[in-house]
file run-v8.cif (mmCIF, C-alpha atoms)
data_query
#
loop_
_atom_site.label_atom_id
_atom_site.label_comp_id
_atom_site.auth_asym_id
_atom_site.auth_seq_id
_atom_site.Cartn_x
_atom_site.Cartn_y
_atom_site.Cartn_z
CA MET A 13 -25.40 15.04 -1.47
CA ASP A 14 -24.52 15.01 -5.18
CA LYS A 15 -21.40 13.21 -6.31
CA TRP A 16 -19.34 16.33 -7.04
CA SER A 17 -20.03 17.88 -3.65
CA PHE A 18 -19.02 14.55 -2.16
CA GLY A 19 -15.86 14.22 -4.28
CA ILE A 20 -14.62 17.75 -3.74
CA SER A 21 -15.38 17.68 0.00
CA VAL A 22 -13.54 14.37 0.47
CA THR A 23 -10.60 15.64 -1.59
CA ILE A 24 -10.21 18.92 0.30
CA VAL A 25 -10.82 17.53 3.79
CA GLY A 26 -8.97 14.30 3.07
CA MET A 27 -5.83 15.80 1.57
CA GLY A 28 -5.86 18.71 4.00
CA GLY A 29 -6.40 16.37 6.93
CA THR A 30 -3.58 14.07 5.83
CA LEU A 31 -1.15 16.99 5.43
CA LEU A 32 -2.16 18.49 8.77
CA THR A 33 -1.94 15.19 10.64
CA LEU A 34 1.51 14.39 9.27
CA TRP A 35 2.69 17.91 10.03
CA LEU A 36 1.45 17.44 13.61
CA LEU A 37 3.19 14.08 13.83
CA GLY A 38 6.41 15.66 12.60
CA LEU A 39 6.08 18.37 15.25
CA PHE A 40 5.44 15.86 18.05
CA THR A 41 8.32 13.71 16.83
CA ARG A 42 10.69 16.68 17.07
CA LEU A 43 9.38 17.28 20.61
CA LEU A 44 9.96 13.62 21.43
CA LYS A 45 13.54 13.85 20.18
CA TRP A 46 14.07 17.01 22.20
CA ALA A 47 12.62 15.44 25.36
CA PHE A 48 14.58 12.19 25.01
CA PRO A 49 17.96 12.92 23.43
CA PRO A 50 20.32 10.01 22.86
CA GLU A 51 22.44 9.20 25.88
CA GLY A 52 26.17 9.73 25.70
CA ALA A 53 26.78 10.21 22.03
CA PRO A 54 26.39 13.82 20.84
CA SER A 55 24.40 14.42 17.67
CA SER A 56 26.51 14.13 14.58
CA THR A 57 25.96 15.79 11.25
CA ALA A 58 28.01 15.04 8.18
CA GLN A 59 27.89 16.33 4.66
CA ASN A 60 27.07 13.61 2.16
CA GLN A 61 30.27 12.87 0.30
CA GLY A 62 29.16 9.60 -1.15
CA GLY A 63 30.03 7.51 1.91
CA GLU A 64 28.67 4.12 2.71
CA ALA A 65 25.53 3.59 4.76
CA LYS A 66 26.18 2.94 8.41
CA MET B 13 -27.27 -51.49 -14.11
CA ILE B 14 -25.84 -50.21 -17.41
CA GLU B 15 -27.99 -47.11 -17.06
CA SER B 16 -26.55 -46.45 -13.60
CA ILE B 17 -23.00 -46.70 -14.96
CA PHE B 18 -23.81 -44.15 -17.71
CA ILE B 19 -25.33 -41.80 -15.16
CA ALA B 20 -22.23 -42.15 -12.98
CA LEU B 21 -19.95 -41.49 -15.96
CA SER B 22 -21.89 -38.38 -16.97
CA GLY B 23 -20.94 -36.83 -13.63
CA LEU B 24 -17.26 -37.14 -14.55
CA GLY B 25 -17.63 -35.17 -17.76
CA ALA B 26 -19.74 -32.39 -16.28
CA GLY B 27 -16.77 -30.04 -15.94
CA PHE B 28 -15.83 -30.36 -19.61
CA ALA B 29 -19.47 -29.96 -20.64
CA TYR B 30 -19.73 -26.76 -18.60
CA LEU B 31 -16.55 -25.31 -20.11
CA VAL B 32 -17.76 -25.99 -23.65
CA THR B 33 -21.28 -24.65 -23.17
CA GLN B 34 -20.90 -21.65 -20.85
CA GLY B 35 -17.35 -21.60 -19.59
CA LEU B 36 -15.65 -18.99 -21.80
CA PRO B 37 -15.25 -16.46 -18.94
CA ASN B 38 -13.77 -19.23 -16.78
CA VAL B 39 -11.25 -20.13 -19.49
CA VAL B 40 -10.23 -16.47 -19.88
CA MET B 41 -9.78 -16.15 -16.12
CA MET B 42 -7.73 -19.35 -15.97
CA VAL B 43 -5.45 -17.80 -18.59
CA ILE B 44 -5.25 -14.61 -16.48
CA GLY B 45 -4.46 -16.76 -13.42
CA GLY B 46 -1.71 -18.38 -15.49
CA VAL B 47 -0.34 -14.95 -16.47
CA LEU B 48 -0.23 -13.93 -12.79
CA LEU B 49 1.68 -17.11 -11.96
CA TYR B 50 4.06 -16.47 -14.89
CA LEU B 51 4.71 -12.89 -13.76
CA ALA B 52 5.36 -14.06 -10.21
CA ILE B 53 7.63 -16.96 -11.10
CA LYS B 54 9.48 -15.71 -14.17
CA LYS B 55 9.46 -11.95 -13.65
CA ASP B 56 9.57 -11.88 -9.84
CA VAL B 57 6.52 -9.60 -9.65
CA GLU B 58 5.31 -9.72 -6.01
CA PRO B 59 5.58 -13.55 -5.94
CA LEU B 60 4.45 -13.88 -2.32
CA LEU B 61 1.08 -12.46 -3.27
CA LEU B 62 0.68 -13.25 -6.95
CA VAL B 63 1.37 -16.99 -6.60
CA PRO B 64 -1.54 -17.61 -4.18
CA ILE B 65 -3.74 -15.08 -6.02
CA GLY B 66 -3.00 -16.70 -9.39
CA PHE B 67 -3.61 -20.19 -8.05
CA GLY B 68 -6.77 -19.09 -6.26
CA CYS B 69 -7.98 -17.60 -9.55
CA LEU B 70 -7.28 -20.90 -11.27
CA LEU B 71 -9.14 -22.87 -8.59
CA VAL B 72 -12.24 -20.70 -8.45
CA ASN B 73 -12.67 -20.83 -12.22
CA MET B 74 -12.61 -24.61 -12.42
CA PRO B 75 -16.20 -25.44 -13.28
CA LEU B 76 -18.44 -27.01 -10.63
CA GLY B 77 -15.70 -27.08 -7.99
CA ASP B 78 -17.81 -24.77 -5.82
CA LEU B 79 -14.78 -23.53 -3.89
CA MET B 80 -16.39 -20.13 -3.37
CA GLU B 81 -19.83 -21.53 -2.55
CA GLN B 82 -21.00 -21.90 1.03
CA GLY B 83 -18.77 -24.51 2.66
CA GLY B 84 -16.02 -24.22 0.01
CA ILE B 85 -12.46 -23.75 1.20
CA LEU B 86 -11.92 -20.40 -0.57
CA ARG B 87 -15.24 -19.13 0.77
CA PHE B 88 -14.06 -20.16 4.24
CA PHE B 89 -10.82 -18.14 3.85
CA TYR B 90 -12.83 -15.21 2.47
CA ASP B 91 -15.46 -15.24 5.23
CA THR B 92 -12.93 -15.84 7.99
CA GLY B 93 -10.20 -13.44 7.01
CA ILE B 94 -11.45 -10.91 4.48
CA ILE B 95 -15.02 -10.17 5.56
CA THR B 96 -13.85 -9.88 9.15
CA GLU B 97 -10.83 -7.75 7.99
CA LEU B 98 -8.59 -10.03 10.02
CA PHE B 99 -6.05 -10.86 7.30
CA PRO B 100 -5.09 -7.32 6.20
CA LEU B 101 -4.79 -6.27 9.84
CA LEU B 102 -2.55 -9.22 10.71
CA ILE B 103 -0.39 -8.40 7.67
CA PHE B 104 -0.06 -4.89 9.07
CA VAL B 105 1.35 -6.23 12.35
CA GLY B 106 4.03 -7.97 10.28
CA ILE B 107 4.73 -4.85 8.19
CA GLY B 108 5.12 -2.80 11.37
CA ALA B 109 7.55 -5.35 12.77
CA MET B 110 9.60 -5.21 9.56
CA THR B 111 9.70 -1.40 9.31
CA ASP B 112 12.54 0.69 10.65
CA PHE B 113 11.39 4.27 11.22
CA SER B 114 14.89 5.50 12.15
CA PRO B 115 15.56 7.39 8.88
CA LEU B 116 12.25 9.20 9.37
CA LEU B 117 12.97 9.98 13.01
CA GLU B 118 16.38 11.40 12.05
CA ASN B 119 14.64 13.97 9.86
CA PRO B 120 10.93 14.32 10.77
CA LYS B 121 10.42 17.11 8.20
CA ILE B 122 10.32 14.57 5.40
CA LEU B 123 7.18 13.08 6.91
CA MET B 124 5.39 15.72 4.85
CA LEU B 125 6.51 13.98 1.66
CA GLY B 126 4.54 10.97 2.87
CA ALA B 127 1.44 13.16 2.92
CA ALA B 128 2.06 14.68 -0.52
CA GLY B 129 2.46 11.19 -1.96
CA GLN B 130 -1.21 10.47 -1.24
CA PHE B 131 -2.56 13.17 -3.54
CA GLY B 132 -3.25 10.59 -6.27
CA ILE B 133 -5.81 8.87 -4.03
CA PHE B 134 -8.08 11.89 -3.98
CA LEU B 135 -7.70 12.95 -7.62
CA THR B 136 -8.40 9.40 -8.74
CA LEU B 137 -11.51 9.38 -6.57
CA LEU B 138 -12.74 12.38 -8.57
CA LEU B 139 -11.88 10.65 -11.87
CA ALA B 140 -13.74 7.51 -10.78
CA LEU B 141 -16.80 9.60 -9.91
CA ALA B 142 -16.60 11.24 -13.35
CA LEU B 143 -16.52 7.78 -14.98
CA GLY B 144 -19.78 6.85 -13.28
CA PHE B 145 -18.65 4.78 -10.31
CA SER B 146 -20.69 5.18 -7.13
CA GLN B 147 -19.32 7.22 -4.22
CA LEU B 148 -18.14 4.23 -2.19
CA GLU B 149 -16.75 2.45 -5.26
CA SER B 150 -14.78 5.60 -6.12
CA VAL B 151 -13.29 5.70 -2.63
CA CYS B 152 -12.10 2.10 -3.01
CA ILE B 153 -10.63 2.76 -6.47
CA GLY B 154 -8.86 5.89 -5.23
CA ILE B 155 -7.30 3.86 -2.43
CA ILE B 156 -5.23 1.96 -5.02
CA GLY B 157 -3.17 5.17 -5.01
CA ALA B 158 -2.17 4.41 -1.43
CA CYS B 159 0.19 1.85 -3.02
CA ASP B 160 -0.60 -0.28 -0.04
CA GLY B 161 -2.22 -3.68 -0.57
CA PRO B 162 -3.61 -4.33 2.93
CA THR B 163 -5.11 -0.81 3.13
CA ALA B 164 -6.78 -1.25 -0.27
CA ILE B 165 -8.17 -4.63 0.79
CA TYR B 166 -9.36 -3.32 4.15
CA VAL B 167 -11.26 -0.38 2.64
CA THR B 168 -12.66 -2.28 -0.35
CA THR B 169 -13.91 -5.15 1.81
CA GLN B 170 -15.98 -2.70 3.81
CA TYR B 171 -17.41 -0.52 1.06
CA ALA B 172 -17.28 -2.31 -2.31
CA PRO B 173 -16.55 -6.02 -1.76
CA HIS B 174 -17.59 -6.79 -5.34
CA LEU B 175 -14.52 -4.84 -6.53
CA LEU B 176 -12.10 -6.60 -4.17
CA GLY B 177 -10.42 -8.81 -6.80
CA ALA B 178 -9.80 -5.99 -9.27
CA VAL B 179 -8.70 -3.44 -6.66
CA SER B 180 -6.30 -5.75 -4.83
CA VAL B 181 -4.72 -7.21 -7.97
CA ALA B 182 -4.31 -3.66 -9.37
CA ALA B 183 -2.78 -2.44 -6.09
CA TYR B 184 -0.24 -5.26 -5.85
CA SER B 185 0.58 -5.22 -9.57
CA TYR B 186 1.28 -1.49 -9.69
CA MET B 187 3.29 -1.65 -6.46
CA SER B 188 5.64 -4.04 -8.19
CA LEU B 189 5.76 -1.84 -11.28
CA VAL B 190 6.95 1.21 -9.32
CA PRO B 191 10.50 0.90 -10.77
CA ILE B 192 9.00 1.24 -14.25
CA ILE B 193 6.27 3.81 -13.54
CA GLN B 194 8.18 6.34 -11.44
CA PRO B 195 11.54 7.09 -13.17
CA PRO B 196 10.18 8.85 -16.30
CA ILE B 197 8.03 11.12 -14.11
CA MET B 198 10.96 11.87 -11.79
CA ARG B 199 13.25 12.73 -14.71
CA LEU B 200 10.62 14.90 -16.37
CA LEU B 201 9.81 16.99 -13.30
CA THR B 202 13.31 17.76 -12.01
CA THR B 203 16.13 19.87 -13.40
CA GLN B 204 19.71 18.64 -13.79
CA ARG B 205 20.79 20.76 -10.81
CA GLU B 206 18.00 19.39 -8.60
CA LYS B 207 18.82 15.78 -9.49
CA THR B 208 22.39 16.20 -8.26
CA ILE B 209 21.66 17.89 -4.91
CA ARG B 210 23.50 16.08 -2.13
CA MET B 211 21.68 15.93 1.15
CA GLU B 212 23.15 16.28 4.59
CA MET B 213 23.33 13.00 6.47
CA VAL B 214 22.14 13.22 10.06
CA GLN B 215 22.82 10.25 12.29
CA GLY B 216 22.81 9.38 15.96
CA THR B 217 20.09 11.84 16.95
CA ILE B 218 17.53 9.26 18.10
CA SER B 219 17.40 7.66 21.51
CA LYS B 220 16.00 4.22 22.25
CA THR B 221 13.19 5.89 24.23
CA THR B 222 12.17 7.96 21.19
CA LYS B 223 12.03 4.83 19.04
CA ILE B 224 9.84 3.07 21.61
CA LEU B 225 7.51 6.03 22.14
CA PHE B 226 7.11 6.86 18.43
CA PRO B 227 4.58 4.07 17.63
CA ILE B 228 2.56 5.03 20.72
CA LEU B 229 2.63 8.69 19.70
CA VAL B 230 1.46 7.89 16.16
CA THR B 231 -1.33 5.65 17.48
CA LEU B 232 -2.60 8.30 19.88
CA VAL B 233 -2.45 11.26 17.47
CA THR B 234 -3.88 9.49 14.42
CA GLY B 235 -6.43 7.55 16.46
CA LEU B 236 -7.82 10.73 17.96
CA ILE B 237 -7.99 12.51 14.59
CA ALA B 238 -9.41 9.63 12.55
CA PRO B 239 -10.78 6.89 14.85
CA LYS B 240 -12.20 4.84 11.97
CA GLY B 241 -8.67 4.12 10.82
CA LEU B 242 -7.44 3.02 14.22
CA PRO B 243 -7.47 -0.71 13.38
CA LEU B 244 -5.09 -0.04 10.46
CA MET B 245 -2.72 2.35 12.20
CA GLY B 246 -2.99 0.53 15.51
CA MET B 247 -1.87 -2.78 14.04
CA ILE B 248 1.08 -1.38 12.08
CA MET B 249 2.24 0.52 15.15
CA LEU B 250 1.73 -2.54 17.36
CA GLY B 251 4.11 -4.47 15.09
CA ASN B 252 6.66 -1.66 15.27
CA PHE B 253 6.27 -1.37 19.04
CA LEU B 254 6.94 -5.10 19.45
CA LYS B 255 10.16 -4.64 17.48
CA GLU B 256 11.36 -1.47 19.20
CA SER B 257 10.48 -2.56 22.73
CA GLY B 258 13.24 -5.15 22.38
CA VAL B 259 11.73 -7.48 24.98
CA VAL B 260 9.47 -9.66 22.84
CA ALA B 261 11.81 -11.02 20.20
CA ARG B 262 9.69 -14.15 19.75
CA LEU B 263 6.52 -12.14 19.08
CA THR B 264 8.38 -9.85 16.70
CA SER B 265 9.83 -12.79 14.85
CA ALA B 266 6.42 -14.53 14.70
CA SER B 267 4.77 -11.35 13.41
CA GLU B 268 7.23 -10.78 10.58
CA ASN B 269 7.66 -14.44 9.68
CA GLU B 270 5.14 -17.12 10.63
CA ILE B 271 2.02 -14.95 10.99
CA ALA B 272 2.80 -12.78 7.95
CA ASN B 273 3.60 -15.83 5.81
CA VAL B 274 0.56 -17.89 6.74
CA VAL B 275 -1.80 -14.94 6.44
CA THR B 276 -0.28 -13.92 3.09
CA LEU B 277 -1.04 -17.38 1.73
CA PHE B 278 -4.66 -17.37 2.91
CA LEU B 279 -5.18 -13.75 1.89
CA GLY B 280 -3.85 -14.40 -1.61
CA LEU B 281 -6.03 -17.47 -2.06
CA ALA B 282 -9.11 -15.61 -0.83
CA ILE B 283 -8.45 -12.71 -3.23
CA GLY B 284 -7.92 -15.15 -6.08
CA GLY B 285 -11.24 -16.67 -5.07
CA THR B 286 -13.00 -13.38 -5.84
CA MET B 287 -11.77 -13.49 -9.45
CA GLU B 288 -14.57 -15.65 -10.79
CA GLY B 289 -14.94 -15.14 -14.54
CA HIS B 290 -18.56 -14.06 -14.78
CA ALA B 291 -18.09 -11.42 -12.05
CA PHE B 292 -14.56 -10.25 -12.94
CA LEU B 293 -14.63 -9.91 -16.73
CA ARG B 294 -16.29 -6.53 -17.11
CA ALA B 295 -15.34 -3.19 -18.64
CA GLN B 296 -15.42 -1.91 -15.06
CA THR B 297 -12.38 -4.05 -14.20
CA LEU B 298 -10.31 -2.53 -17.03
CA MET B 299 -11.32 0.95 -15.88
CA ILE B 300 -10.19 0.13 -12.34
CA PHE B 301 -6.78 -0.98 -13.64
CA ALA B 302 -6.45 2.22 -15.71
CA LEU B 303 -7.46 4.40 -12.76
CA GLY B 304 -5.01 2.58 -10.49
CA LEU B 305 -2.18 3.45 -12.87
CA VAL B 306 -3.30 7.08 -12.95
CA ALA B 307 -3.39 7.14 -9.14
CA ILE B 308 0.20 5.99 -8.77
CA CYS B 309 1.44 8.39 -11.46
CA LEU B 310 -0.34 11.28 -9.70
CA ASP B 311 1.15 10.24 -6.35
CA THR B 312 4.61 10.43 -7.90
CA VAL B 313 3.94 13.79 -9.54
CA ALA B 314 2.64 15.26 -6.27
CA GLY B 315 5.52 13.82 -4.26
CA VAL B 316 8.20 15.21 -6.59
CA LEU B 317 6.50 18.61 -6.84
CA PHE B 318 6.25 18.79 -3.05
CA GLY B 319 9.91 17.81 -2.93
CA LYS B 320 10.67 20.77 -5.22
CA LEU B 321 8.75 23.05 -2.87
CA MET B 322 10.72 21.75 0.12
CA CYS B 323 13.92 22.18 -1.91
CA PHE B 324 13.01 25.82 -2.54
CA LEU B 325 12.01 26.49 1.09
CA SER B 326 15.17 24.84 2.45
CA GLY B 327 17.45 26.84 0.18
CA GLY B 328 18.32 23.86 -2.02
CA LYS B 329 19.15 21.40 0.75
CA ILE B 330 16.53 18.78 -0.19
CA ASN B 331 16.79 16.73 -3.36
CA PRO B 332 13.27 16.69 -4.89
CA LEU B 333 13.80 13.15 -6.18
CA ILE B 334 13.15 11.81 -2.66
CA GLY B 335 9.57 13.11 -3.01
CA ALA B 336 8.86 10.13 -5.26
CA ALA B 337 9.50 7.85 -2.29
CA GLY B 338 6.59 9.42 -0.39
CA ILE B 339 4.36 6.51 -1.42
CA SER B 340 3.84 3.33 0.53
CA ALA B 341 5.66 0.87 -1.75
CA TYR B 342 8.39 0.10 0.79
CA PRO B 343 11.31 -0.18 0.24
CA MET B 344 11.01 -0.31 -3.55
CA ALA B 345 10.27 3.41 -4.03
CA ALA B 346 13.30 4.37 -1.90
CA ARG B 347 15.55 2.15 -4.01
CA VAL B 348 14.21 3.75 -7.18
CA VAL B 349 15.16 7.18 -5.81
CA GLN B 350 18.67 6.01 -4.94
CA HIS B 351 19.09 4.51 -8.41
CA GLN B 352 17.86 7.65 -10.17
CA GLY B 353 20.09 9.88 -8.03
CA ASN B 354 23.08 7.71 -8.90
CA LEU B 355 22.41 8.04 -12.61
CA TYR B 356 23.23 11.75 -12.37
CA ASP B 357 25.84 11.68 -9.59
CA LYS B 358 27.43 8.35 -8.83
CA LYS B 359 28.56 9.51 -5.39
CA ASN B 360 25.19 10.85 -4.30
CA TYR B 361 23.75 8.90 -1.40
CA LEU B 362 20.00 9.46 -1.16
CA LEU B 363 18.86 6.07 0.13
CA MET B 364 18.63 6.98 3.81
CA HIS B 365 16.55 10.10 3.10
CA ALA B 366 14.40 8.21 0.61
CA MET B 367 13.80 5.48 3.21
CA GLY B 368 12.62 8.21 5.58
CA ALA B 369 10.19 9.55 2.98
CA ASN B 370 9.10 5.99 2.18
CA THR B 371 8.26 5.12 5.79
CA GLY B 372 6.51 8.50 5.94
CA GLY B 373 4.54 7.29 2.90
CA GLN B 374 3.51 4.19 4.82
CA ILE B 375 2.13 6.31 7.62
CA GLY B 376 0.66 8.79 5.11
CA SER B 377 -1.18 6.12 3.11
CA VAL B 378 -2.77 4.59 6.19
CA MET B 379 -3.60 8.07 7.48
CA ALA B 380 -5.21 9.09 4.18
CA ALA B 381 -7.36 5.95 4.28
CA ALA B 382 -8.19 6.52 7.96
CA ILE B 383 -9.25 10.11 7.30
CA MET B 384 -11.31 9.04 4.31
CA LEU B 385 -13.13 6.43 6.43
CA SER B 386 -13.79 8.98 9.16
CA ILE B 387 -15.11 11.49 6.60
CA LEU B 388 -17.49 8.85 5.20
CA LYS B 389 -18.68 8.12 8.72
CA GLY B 390 -19.12 11.85 9.37
CA MET B 391 -21.15 12.20 6.15
CA GLY B 392 -23.36 9.32 7.25
CA LEU B 393 -22.45 7.26 4.17
CA VAL B 394 -21.27 4.27 6.21
#
call {"tool": "encode", "arguments": {"input": "run-v8.cif", "output": "structure tokens"}}
result
Amino acid sequence: MDKWSFGISVTIVGMGGTLLTLWLLGLFTRLLKWAFPPEGAPSSTAQNQGGEAK
Amino acid sequence: MIESIFIALSGLGAGFAYLVTQGLPNVVMMVIGGVLLYLAIKKDVEPLLLVPIGFGCLLVNMPLGDLMEQGGILRFFYDTGIITELFPLLIFVGIGAMTDFSPLLENPKILMLGAAGQFGIFLTLLLALALGFSQLESVCIGIIGACDGPTAIYVTTQYAPHLLGAVSVAAYSYMSLVPIIQPPIMRLLTTQREKTIRMEMVQGTISKTTKILFPILVTLVTGLIAPKGLPLMGMIMLGNFLKESGVVARLTSASENEIANVVTLFLGLAIGGTMEGHAFLRAQTLMIFALGLVAICLDTVAGVLFGKLMCFLSGGKINPLIGAAGISAYPMAARVVQHQGNLYDKKNYLLMHAMGANTGGQIGSVMAAAIMLSILKGMGLV
């Protein structure tokens, strides 16, 4: 395999594979959060108004 | 008798004689070792790594000390911890134990920024090939763009051990220069309106069970997709699992303190030991440093541009600056984002989101390396 076939193949499959894997992980993480919601406390969402970190 | 005394004395001056006759590369490398020590001590540039690396460099370039010859102490560290890949993997256990994935779990979408931040790895690989490096050397040089020292060491040890000194010093040096390298690129690629976007803070959406299961989930998914990278991902997730399980406080503490500290010392010395003058002082080394810089710049460009895309797709709810944190330099890149955001809106609080992108970058960098290793295996190159 010449070096350009190698380089372009690794770039396409590598970058594509990384994007796809992290997308999958994000999807599974959302499923995990859905399956195991926090006990007691309801989800809270607040607009960023420059508050301190909690 | 007198003759014996002269012979004995000649042994004492052998080091000086070597330096004068053929030791110029050693002298240059001792100066470089001194510069690394200066940067670590005076400028606070990655001192935990650069102090042992700088001192190791000094030691290995002392003439006739034979510290990297068979039986030498640096050779022992190298053979025991680098060749076997033990040291970078143990460091990963410590990194996992120190990492809090909560900001990422609060908003899993930003995991994608951690993937975009790895683009520099692959483009730099192409540049290295164009400059005449071999296929495996190019892979190792591209990995500098992972902004992740242990990953760079792990990959380079396997496929281009002769480049280990240059690649690891470049990786750690540029990681510490992130606050200088990234801001101009971030400012250039974002508009005034984008820089001042305030992001919604989401908190309290993660259960303890989710935090415990997350490292197992990542290990299973990534291990099945790219098995060659399982040692890397497995160790970082083991460290995180120890922390999140909450039942092995002593192991967690040992991983992030004693083990990480001892291994960092030995790892640094062993890397310094690879910086022997005659092998290190080549045009190739300068090219590796230049390509490493390009890799990190390209990572930042790709991260910010992907952030702009996410900003567009979300209807302006994501500040593209956080894309720059999609690299593995944790938590430095996240702090840079917070600082840049504050320059344009003092009440903008981006740190939590940037931390999420940054931990995503940690996973992304290891994943990119894992996929690359699996591709090489699939191509029959390793």
call {"tool": "closest_residue", "arguments": {"input": "run-v8.cif", "among": "B:Ser16, B:Asn360, B:Ser340, B:Ser150", "to": "chain A", "atoms": "only C-alpha atoms"}}
result
B:Asn360
call {"tool": "resolve_selection", "arguments": {"input": "run-v8.cif", "expression": "the PyMOL selection byres ((chain A and resi 43) around 12)", "output": "list in words"}}
result
Leu36, Leu37, Gly38, Leu39, Phe40, Thr41, Arg42, Leu44, Lys45, Trp46, Ala47, Phe48 and Pro49 of chain A; Leu117, Pro120, Ile218, Thr222, Leu225, Phe226 and Leu229 of chain B
call {"tool": "interface_residues", "arguments": {"input": "run-v8.cif", "of": "chain B", "to": "chain A", "cutoff": "6 Å", "atoms": "all atoms listed in the file", "output": "ChimeraX atom specification"}}
result
/B:120,127,134,138,211-219,359-361,380,383-384
call {"tool": "write_last_selection", "arguments": {"input": "run-v8.cif", "atoms": "C-alpha atoms", "output": "short mmCIF file (atom, residue, chain, number, x, y, z; two decimals), keeping the file's coordinate frame"}}
result
data_model
loop_
_atom_site.label_atom_id
_atom_site.label_comp_id
_atom_site.auth_asym_id
_atom_site.auth_seq_id
_atom_site.Cartn_x
_atom_site.Cartn_y
_atom_site.Cartn_z
CA PRO B 120 10.93 14.32 10.77
CA ALA B 127 1.44 13.16 2.92
CA PHE B 134 -8.08 11.89 -3.98
CA LEU B 138 -12.74 12.38 -8.57
CA MET B 211 21.68 15.93 1.15
CA GLU B 212 23.15 16.28 4.59
CA MET B 213 23.33 13.00 6.47
CA VAL B 214 22.14 13.22 10.06
CA GLN B 215 22.82 10.25 12.29
CA GLY B 216 22.81 9.38 15.96
CA THR B 217 20.09 11.84 16.95
CA ILE B 218 17.53 9.26 18.10
CA SER B 219 17.40 7.66 21.51
CA LYS B 359 28.56 9.51 -5.39
CA ASN B 360 25.19 10.85 -4.30
CA TYR B 361 23.75 8.90 -1.40
CA ALA B 380 -5.21 9.09 4.18
CA ILE B 383 -9.25 10.11 7.30
CA MET B 384 -11.31 9.04 4.31
#
call {"tool": "closest_residue", "arguments": {"input": "run-v8.cif", "among": "B:Ile387, B:Val348, B:Ile155, B:Leu293", "to": "Met198 in chain B", "atoms": "only C-alpha atoms"}}
result
B:Val348
call {"tool": "closest_residue", "arguments": {"input": "run-v8.cif", "among": "B:Gln350, B:Thr96, B:Thr208, B:Ser146", "to": "Tyr166 in chain B", "atoms": "all atoms listed in the file"}}
result
B:Thr96
call {"tool": "atom_distance", "arguments": {"input": "run-v8.cif", "atom1": "CA of Phe113 in chain B", "atom2": "CA of Asn252 in chain B"}}
result
8.6 Å
call {"tool": "atom_distance", "arguments": {"input": "run-v8.cif", "atom1": "CA of Pro37 in chain B", "atom2": "CA of Gly289 in chain B"}}
result
4.6 Å
call {"tool": "residues_near_point", "arguments": {"input": "run-v8.cif", "point": "(20.9, 13.7, -12.4)", "cutoff": "9 Å", "atoms": "all atoms listed in the file", "output": "list in words"}}
result
Arg199, Thr202, Thr203, Gln204, Arg205, Glu206, Lys207, Thr208, Ile209, Gln352, Gly353, Asn354, Leu355, Tyr356 and Asp357 of chain B
call {"tool": "resolve_selection", "arguments": {"input": "run-v8.cif", "expression": "the PyMOL selection byres ((chain B and resi 52) around 12)", "output": "list in words"}}
result
Gly45, Gly46, Val47, Leu48, Leu49, Tyr50, Leu51, Ile53, Lys54, Lys55, Asp56, Val57, Glu58, Pro59, Leu60, Leu61, Leu62, Val63, Pro64, Ile65, Gly66, Phe67, Tyr184, Ser185 and Ser188 of chain B
call {"tool": "residues_near_point", "arguments": {"input": "run-v8.cif", "point": "(-6.3, 6.5, -14.2)", "cutoff": "10 Å", "atoms": "all atoms listed in the file", "output": "mmCIF file with C-alpha atoms, in the coordinates of the input"}}
result
data_model
loop_
_atom_site.group_PDB
_atom_site.id
_atom_site.type_symbol
_atom_site.label_atom_id
_atom_site.label_comp_id
_atom_site.auth_asym_id
_atom_site.auth_seq_id
_atom_site.Cartn_x
_atom_site.Cartn_y
_atom_site.Cartn_z
ATOM 1 C CA GLY B 132 -3.250 10.590 -6.270
ATOM 2 C CA LEU B 135 -7.700 12.950 -7.620
ATOM 3 C CA THR B 136 -8.400 9.400 -8.740
ATOM 4 C CA LEU B 137 -11.510 9.380 -6.570
ATOM 5 C CA LEU B 139 -11.880 10.650 -11.870
ATOM 6 C CA ALA B 140 -13.740 7.510 -10.780
ATOM 7 C CA ILE B 153 -10.630 2.760 -6.470
ATOM 8 C CA GLY B 154 -8.860 5.890 -5.230
ATOM 9 C CA GLY B 157 -3.170 5.170 -5.010
ATOM 10 C CA MET B 299 -11.320 0.950 -15.880
ATOM 11 C CA ILE B 300 -10.190 0.130 -12.340
ATOM 12 C CA PHE B 301 -6.780 -0.980 -13.640
ATOM 13 C CA ALA B 302 -6.450 2.220 -15.710
ATOM 14 C CA LEU B 303 -7.460 4.400 -12.760
ATOM 15 C CA GLY B 304 -5.010 2.580 -10.490
ATOM 16 C CA LEU B 305 -2.180 3.450 -12.870
ATOM 17 C CA VAL B 306 -3.300 7.080 -12.950
ATOM 18 C CA ALA B 307 -3.390 7.140 -9.140
ATOM 19 C CA ILE B 308 0.200 5.990 -8.770
ATOM 20 C CA CYS B 309 1.440 8.390 -11.460
ATOM 21 C CA LEU B 310 -0.340 11.280 -9.700
#
call {"tool": "atom_distance", "arguments": {"input": "run-v8.cif", "atom1": "CA of Cys152 in chain B", "atom2": "CA of Leu277 in chain B"}}
result
22.9 Å
call {"tool": "axis_aligned_box", "arguments": {"input": "run-v8.cif", "around": "range 16-25 of chain A", "padding_each_side": "6 Å", "output": "JSON"}}
result
{"center_x": -15.1, "center_y": 16.6, "center_z": -1.6, "size_x": 21.8, "size_y": 16.7, "size_z": 22.8}
call {"tool": "residues_around", "arguments": {"input": "run-v8.cif", "residues": "Leu102 in chain B", "least_positions_apart": "5", "cutoff": "8 Å", "atoms": "only C-alpha atoms", "output": "list in words"}}
result
Met247, Ile271, Ala272 and Val275 of chain B
call {"tool": "closest_residue", "arguments": {"input": "run-v8.cif", "among": "B:Phe131, B:Tyr186, B:Phe292, B:Phe324", "to": "Ala381 in chain B", "atoms": "only C-alpha atoms"}}
result
B:Phe131
